[in-house]
Structure formats: C-alpha cells, structure tokens
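*Asks:* Mind looking over this structure? Questions follow.
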Amino acid sequence: MPRIRTVLLVTGAALLAKRAMRRRIDASPLWPLPALQEPVSGRPRSRALRLTVTRHETIADGVVQLRLEGDHLPAWKPGAHLDLVLPSGLVRQYSLCGDPEDTSSYTVATRLIGEEQGGRGGSREVHEQLQEGTEVEVRGPRNRFPLADAETYVFVAGGIGITPILPMLREVEAAGRAWRLLYGGRSRASMPFLEDVEKLAGTTAGRLTVVADDEGGRPDLAAFLADLAPSTAVHVCGPEGLMEAVAATLPEGAELHLERFTPHTSTEGNATFEVELRRSGRTLSVAADTTVLTAVRAELPNTAYSCEQGFCGTCQQRVLEGEIDHRDELLTDAERADSMLICVSRASGGRIVLDM
C-alpha cells in the first residue's frame, strides 16, 4: 500500500509539472528566453461595430449620404470621423455629419472620386455597394479635428469638406457664439448641405459666404480673413490647396485647425535610409521616392495595410531604434514615442529598426 501511494504521488507531481511547463511554453515559445512583446502590426485600433445601412441617398451632384444604424452607439463630438471597412477590405475615413445626440445611428457623406481625380476605388464602393440593407463594419468614432473652445469662430469649407464643419456650426450656434462660414465648391448643385448652412446662417449679414466656381470664381480669402478678432478659432477642411492658401493668408493671433482627406506628404527633401526588420533578420533600403511599406512588402508580402495615407492605422509598427519622421494624421503623442505608420512615415536619420 505505501508503494502504491508513492507511485500515485510521483505521478501526480509529474502531471502538475507537465501542465506548468505547458503554460510556460505557451506564454513564451522561446522559453527559457523572455517572451517577446506582441507586435502591433495589423491590429485594429478600436472595437469594430457591425452597422446596417438604412438610408442611401444622393444629396448633391456626386455626393451620397449614408445613415448607419445600430444599438447604443459610442458617443462622438463635432469633428469626429468613422473608419468604414468596405466590402473589398479597403478602409476609408468619413466625417460624421449627423446629430451627436442620436445614439442609434451615424450619418456620413462621401463624394465620388474617379480615377482621373486620384481616386482609388473606395468612394465608388460606397456609392455602388453600400446600399440600403447592407451590413458594414465600422471602427471609431475618433476625433483628430475637435472643435476649439473660443468665443469667435471662422469656418472655411471646400466641397465635401463641409461634412465635419456642419456639426460644429450647429454646436456654436446653439451655444450663442459668433461665427462666419466661407463655403466653396464647383457649383451650388455639387455642394452638399448648402440648404442646412443657409438655414443656420439665417438673415444675419456676413455670416455665410458661398462661392461657386461656375458663378464667381475663386474665393477672396484675404478679404474674408481680414480683421479677425484676437484668438479667433479658424477651422478649415477641404482640398490641400485651399488649406495651404488659408494658412498663408491667416492674420497673426488666429488659431488654425485643419482636417485633411489626403496625407500632407512630399518627396521633396526625402533621403534614402535603411530599415532593419529585427524579427526577420533583414535590412532593407528605402529609396527617397518610395515608402517603408513598399520596401517591407517586397520582403514580407503578408504585411497588413489598407489606406496607404496614414489614416487607418492598419500598418502601424513598433519602432525599436531610430528617430521617426511622423507624417500620419492618426497616432497620438504617446503612440508616436515608439511606433509609426509605415505607409507614410520615414526615418529622420539614416537607419530605423522595426519589430518585424
């Protein structure tokens, strides 16, 4: 009997040791080396929602508005946007333009951009495939263009750039703050929410300036931005050329706030640099006229990416060594300390090391 008891005790101890060893190996396959920190590549930045398109309507020439419904949706404030995961897997960002108090739906609008205008197919998917009844994956909301706290506001919107501005106008109007809007577009028929902003402006003289290219040509920014009150908050959204023109014309003392739909990048001044992929044991050269993502995917074709514009975060990678030239419109200051979006950002020096 004592011998049987001993055998049972030894067997039980061995089984417990085996289970403990298995848990340790699962935690770190390279054990007894320390476990590697999990890479951030391709991980979603926020919890995904599955929403249903309940309204798909044309609200201006080439512009479609979607109503996306769900239950108890996360709150948002003016300036926020959603990431829409389109049927093809592309991720595109669209500003919220509905009512922040509505927790049952989100409203977005998008203009159809053809290939000849630099479009890459995302807006066409929205226009043609996200019909009523379609279920779509949504991430967010996130806000990189919040409404500033000010007594006086000036807004400049170009075309579809009115989408994040519209909820701002409603909020400052409800708060009784002073505001003016310059709204430009190719034609009045192509300008979404024109009637909405006209109703908000009412009959107050000088509150709303509408400039249609086919009527009066380009807006006179110098005249519109002249004599701004000190500390006026100026919010601008639209084509890159419009935002650059506003920045160049803005008087001293005004606070400029921008939202871009395309990355503000240029190859001017770019230099070739090296990227070491620490996990893979490879070192790549990134030419001045290409991106880290392109160089990496030539070696690691399964590297996750989507927007290629520095907006969605799919290609975010941890940086182990080297200084980063951040060119994205997404990462927080904390995230920028040790990671980068390799679709647009580069190395500030001659070398950078990624956890890949």
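Lettering and numbering for the structure tokens are positional, with chains as A, B, ... in the shown order, residues counted from 1 in each chain, and ligands counted from 1 in the shown order.
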Pull the alpha helix (DSSP H) assignments for stretch 43-141 of chain A out of DSSP run on the backbone, and list those residues as a list in words.
*Replies:*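 Listing alpha helix (DSSP H) positions across stretch 43-141 of chain A yields Gly122, Ser123, Arg124, Glu125, Val126, His127, Glu128 and Gln129 of chain A.
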*Asks:* Take the residues from that selection and put them in a file with C-alpha atoms, as an mmCIF file, in the first residue's frame.
*Replies:*
data_model
loop_
_atom_site.group_PDB
_atom_site.id
_atom_site.type_symbol
_atom_site.label_atom_id
_atom_site.label_comp_id
_atom_site.auth_asym_id
_atom_site.auth_seq_id
_atom_site.Cartn_x
_atom_site.Cartn_y
_atom_site.Cartn_z
ATOM 1 C CA GLY A 122 -13.138 53.492 -52.082
ATOM 2 C CA SER A 123 -15.744 56.151 -52.843
ATOM 3 C CA ARG A 124 -17.089 54.092 -55.752
ATOM 4 C CA GLU A 125 -17.636 51.148 -53.389
ATOM 5 C CA VAL A 126 -19.584 53.394 -51.039
ATOM 6 C CA HIS A 127 -21.740 54.744 -53.866
ATOM 7 C CA GLU A 128 -22.397 51.435 -55.596
ATOM 8 C CA GLN A 129 -22.210 48.688 -52.964
#
*Asks:* Dump as JSON lines the rows for residues of stretch 176-223 of chain A within 12 Å of stretch 238-257 of chain A: closest atom pair and distance in Å with one decimal, only C-alpha atoms counted, ordered by chain and rising residue number.
*Replies:*
{"residue": "A:Leu182", "atom": "CA", "partner": "A:Val246", "partner_atom": "CA", "distance": 11.1}
{"residue": "A:Tyr183", "atom": "CA", "partner": "A:Gly238", "partner_atom": "CA", "distance": 9.8}
{"residue": "A:Gly184", "atom": "CA", "partner": "A:Gly238", "partner_atom": "CA", "distance": 9.2}
{"residue": "A:Gly185", "atom": "CA", "partner": "A:Gly238", "partner_atom": "CA", "distance": 9.7}
{"residue": "A:Arg218", "atom": "CA", "partner": "A:Leu242", "partner_atom": "CA", "distance": 10.1}
{"residue": "A:Pro219", "atom": "CA", "partner": "A:Leu242", "partner_atom": "CA", "distance": 9.7}
{"residue": "A:Asp220", "atom": "CA", "partner": "A:Thr249", "partner_atom": "CA", "distance": 10.2}
{"residue": "A:Leu221", "atom": "CA", "partner": "A:Val246", "partner_atom": "CA", "distance": 6.8}
{"residue": "A:Ala222", "atom": "CA", "partner": "A:Thr249", "partner_atom": "CA", "distance": 6.1}
{"residue": "A:Ala223", "atom": "CA", "partner": "A:Thr249", "partner_atom": "CA", "distance": 9.6}
*Asks:* Using only C-alpha atoms for the distances, tell me which of A:Ile59, A:Ala233, A:Leu90, A:Ala334 is nearest to A:Phe155.
*Replies:* A:Ala233
*Asks:* Please report, as number ranges by chain, each residue of stretch 68-209 of chain A to which DSSP assigns strand (DSSP E or B) when run on this structure's backbone.
*Replies:* A: 68-69, 81-85, 91-96, 105-111, 135-142, 152-158, 178-185, 208-209
*Asks:* Hey, can you spit out that residue selection with N, CA and C atoms as a tab-separated table (two decimals), in the first residue's frame?
*Replies:*
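Contents of the output file out02.tsv:
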chain	number	residue	atom	x	y	z
A	68	LEU	N	-26.25	54.95	-40.96
A	68	LEU	CA	-25.81	53.65	-40.45
A	68	LEU	C	-26.40	53.45	-39.07
A	69	GLU	N	-27.21	52.41	-38.91
A	69	GLU	CA	-27.93	52.22	-37.65
A	69	GLU	C	-27.39	51.06	-36.85
A	81	HIS	N	-14.70	61.28	-36.90
A	81	HIS	CA	-14.90	60.51	-38.13
A	81	HIS	C	-14.96	59.03	-37.82
A	82	LEU	N	-15.43	58.27	-38.79
A	82	LEU	CA	-15.50	56.81	-38.72
A	82	LEU	C	-14.54	56.20	-39.71
A	83	ASP	N	-14.06	54.99	-39.40
A	83	ASP	CA	-13.38	54.15	-40.37
A	83	ASP	C	-14.41	53.15	-40.90
A	84	LEU	N	-14.67	53.18	-42.19
A	84	LEU	CA	-15.55	52.20	-42.81
A	84	LEU	C	-14.71	51.13	-43.48
A	85	VAL	N	-14.97	49.86	-43.11
A	85	VAL	CA	-14.31	48.74	-43.76
A	85	VAL	C	-15.20	48.32	-44.93
A	91	VAL	N	-10.12	50.33	-46.17
A	91	VAL	CA	-10.59	51.12	-45.05
A	91	VAL	C	-10.55	52.59	-45.46
A	92	ARG	N	-11.68	53.28	-45.31
A	92	ARG	CA	-11.76	54.69	-45.66
A	92	ARG	C	-12.37	55.48	-44.50
A	93	GLN	N	-11.96	56.75	-44.38
A	93	GLN	CA	-12.39	57.59	-43.29
A	93	GLN	C	-13.42	58.62	-43.77
A	94	TYR	N	-14.51	58.75	-43.02
A	94	TYR	CA	-15.56	59.69	-43.37
A	94	TYR	C	-16.03	60.44	-42.13
A	95	SER	N	-16.12	61.75	-42.25
A	95	SER	CA	-16.52	62.59	-41.13
A	95	SER	C	-18.00	62.38	-40.80
A	96	LEU	N	-18.30	62.41	-39.51
A	96	LEU	CA	-19.68	62.32	-39.06
A	96	LEU	C	-20.34	63.69	-39.24
A	105	SER	N	-27.76	55.93	-34.56
A	105	SER	CA	-27.28	55.95	-35.94
A	105	SER	C	-26.12	56.94	-36.09
A	106	TYR	N	-25.35	56.70	-37.14
A	106	TYR	CA	-24.32	57.63	-37.59
A	106	TYR	C	-24.67	58.05	-39.02
A	107	THR	N	-24.30	59.29	-39.36
A	107	THR	CA	-24.52	59.79	-40.71
A	107	THR	C	-23.19	60.24	-41.30
A	108	VAL	N	-22.89	59.76	-42.51
A	108	VAL	CA	-21.68	60.18	-43.22
A	108	VAL	C	-22.06	60.51	-44.65
A	109	ALA	N	-21.19	61.25	-45.32
A	109	ALA	CA	-21.41	61.57	-46.73
A	109	ALA	C	-20.08	61.50	-47.46
A	110	THR	N	-20.13	61.09	-48.72
A	110	THR	CA	-18.89	60.98	-49.49
A	110	THR	C	-19.14	61.36	-50.94
A	111	ARG	N	-18.13	62.00	-51.52
A	111	ARG	CA	-18.19	62.38	-52.92
A	111	ARG	C	-17.52	61.29	-53.76
A	135	GLU	N	-24.87	45.38	-44.50
A	135	GLU	CA	-24.19	45.46	-43.21
A	135	GLU	C	-22.73	45.84	-43.45
A	136	VAL	N	-22.21	46.76	-42.65
A	136	VAL	CA	-20.85	47.25	-42.86
A	136	VAL	C	-20.12	47.31	-41.52
A	137	GLU	N	-18.84	46.99	-41.56
A	137	GLU	CA	-18.01	47.09	-40.36
A	137	GLU	C	-17.52	48.52	-40.20
A	138	VAL	N	-17.63	49.03	-38.97
A	138	VAL	CA	-17.28	50.41	-38.68
A	138	VAL	C	-16.36	50.43	-37.46
A	139	ARG	N	-15.33	51.25	-37.52
A	139	ARG	CA	-14.44	51.45	-36.37
A	139	ARG	C	-14.49	52.92	-35.96
A	140	GLY	N	-14.41	53.16	-34.68
A	140	GLY	CA	-14.46	54.53	-34.18
A	140	GLY	C	-15.71	54.74	-33.35
A	141	PRO	N	-16.10	56.02	-33.19
A	141	PRO	CA	-15.55	57.23	-33.80
A	141	PRO	C	-14.23	57.65	-33.16
A	142	ARG	N	-13.44	58.41	-33.94
A	142	ARG	CA	-12.21	59.03	-33.45
A	142	ARG	C	-12.22	60.48	-33.89
A	152	THR	N	-15.13	83.29	-30.67
A	152	THR	CA	-15.40	83.65	-32.06
A	152	THR	C	-14.83	82.58	-32.98
A	153	TYR	N	-15.60	82.21	-34.01
A	153	TYR	CA	-15.20	81.14	-34.93
A	153	TYR	C	-15.30	81.61	-36.38
A	154	VAL	N	-14.34	81.15	-37.17
A	154	VAL	CA	-14.40	81.29	-38.61
A	154	VAL	C	-14.21	79.90	-39.21
A	155	PHE	N	-15.08	79.54	-40.14
A	155	PHE	CA	-15.01	78.23	-40.79
A	155	PHE	C	-14.81	78.42	-42.28
A	156	VAL	N	-13.96	77.56	-42.86
A	156	VAL	CA	-13.76	77.55	-44.31
A	156	VAL	C	-13.91	76.10	-44.76
A	157	ALA	N	-14.85	75.87	-45.68
A	157	ALA	CA	-15.10	74.51	-46.16
A	157	ALA	C	-15.06	74.50	-47.68
A	158	GLY	N	-14.41	73.47	-48.21
A	158	GLY	CA	-14.36	73.29	-49.65
A	158	GLY	C	-15.04	72.00	-50.05
A	178	ALA	N	-20.28	83.64	-31.77
A	178	ALA	CA	-20.20	84.31	-33.06
A	178	ALA	C	-19.45	83.44	-34.06
A	179	TRP	N	-19.97	83.36	-35.30
A	179	TRP	CA	-19.31	82.54	-36.31
A	179	TRP	C	-19.57	83.09	-37.71
A	180	ARG	N	-18.64	82.75	-38.62
A	180	ARG	CA	-18.79	83.03	-40.05
A	180	ARG	C	-18.30	81.82	-40.82
A	181	LEU	N	-18.90	81.60	-41.99
A	181	LEU	CA	-18.51	80.45	-42.82
A	181	LEU	C	-18.28	80.90	-44.25
A	182	LEU	N	-17.16	80.47	-44.82
A	182	LEU	CA	-16.92	80.57	-46.25
A	182	LEU	C	-17.03	79.16	-46.81
A	183	TYR	N	-17.98	78.95	-47.73
A	183	TYR	CA	-18.24	77.63	-48.29
A	183	TYR	C	-18.08	77.73	-49.80
A	184	GLY	N	-17.11	76.96	-50.33
A	184	GLY	CA	-16.85	76.99	-51.76
A	184	GLY	C	-17.03	75.63	-52.40
A	185	GLY	N	-17.29	75.64	-53.71
A	185	GLY	CA	-17.45	74.40	-54.45
A	185	GLY	C	-17.48	74.67	-55.94
A	208	LEU	N	-22.59	84.03	-43.81
A	208	LEU	CA	-22.33	82.97	-44.79
A	208	LEU	C	-21.90	83.57	-46.12
A	209	THR	N	-20.76	83.10	-46.62
A	209	THR	CA	-20.28	83.47	-47.95
A	209	THR	C	-20.18	82.21	-48.78
*Asks:* Let me make sure I understand: among A:Val53, A:Arg188, A:Asn143, A:Leu112, which one has the smallest atom-to-atom distance to A:Thr332 if we use only C-alpha atoms?
*Replies:* A:Asn143
*Asks:* Just to confirm, what's the straight-line distance from atom CA of A:Cys312 to atom CA of A:Ser348 in Å (one decimal)?
*Replies:*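 Value for the atom CA of A:Cys312-atom CA of A:Ser348 distance: 22.3 Å.
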*Asks:* Select, from A:Val344, A:Leu194, A:Leu200, A:Ile113, the residue with the minimum atom-to-atom distance to A:Asn270, counting only C-alpha atoms.
*Replies:*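 Among A:Val344, A:Leu194, A:Leu200, A:Ile113, it is A:Val344 that comes nearest to A:Asn270.
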*Asks:* From the set A:Met356, A:Pro87, A:Asp328, A:Val286, which residue has the shortest atom-to-atom contact distance to A:Thr303, counting only C-alpha atoms?
*Replies:*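 For A:Thr303, the nearest of the candidates is A:Met356.
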*Asks:* Measuring atom to atom with only C-alpha atoms, identify which of A:Ala337, A:Ala150, A:Val211, A:Leu277 is nearest to A:Ala175.
*Replies:* A:Ala150
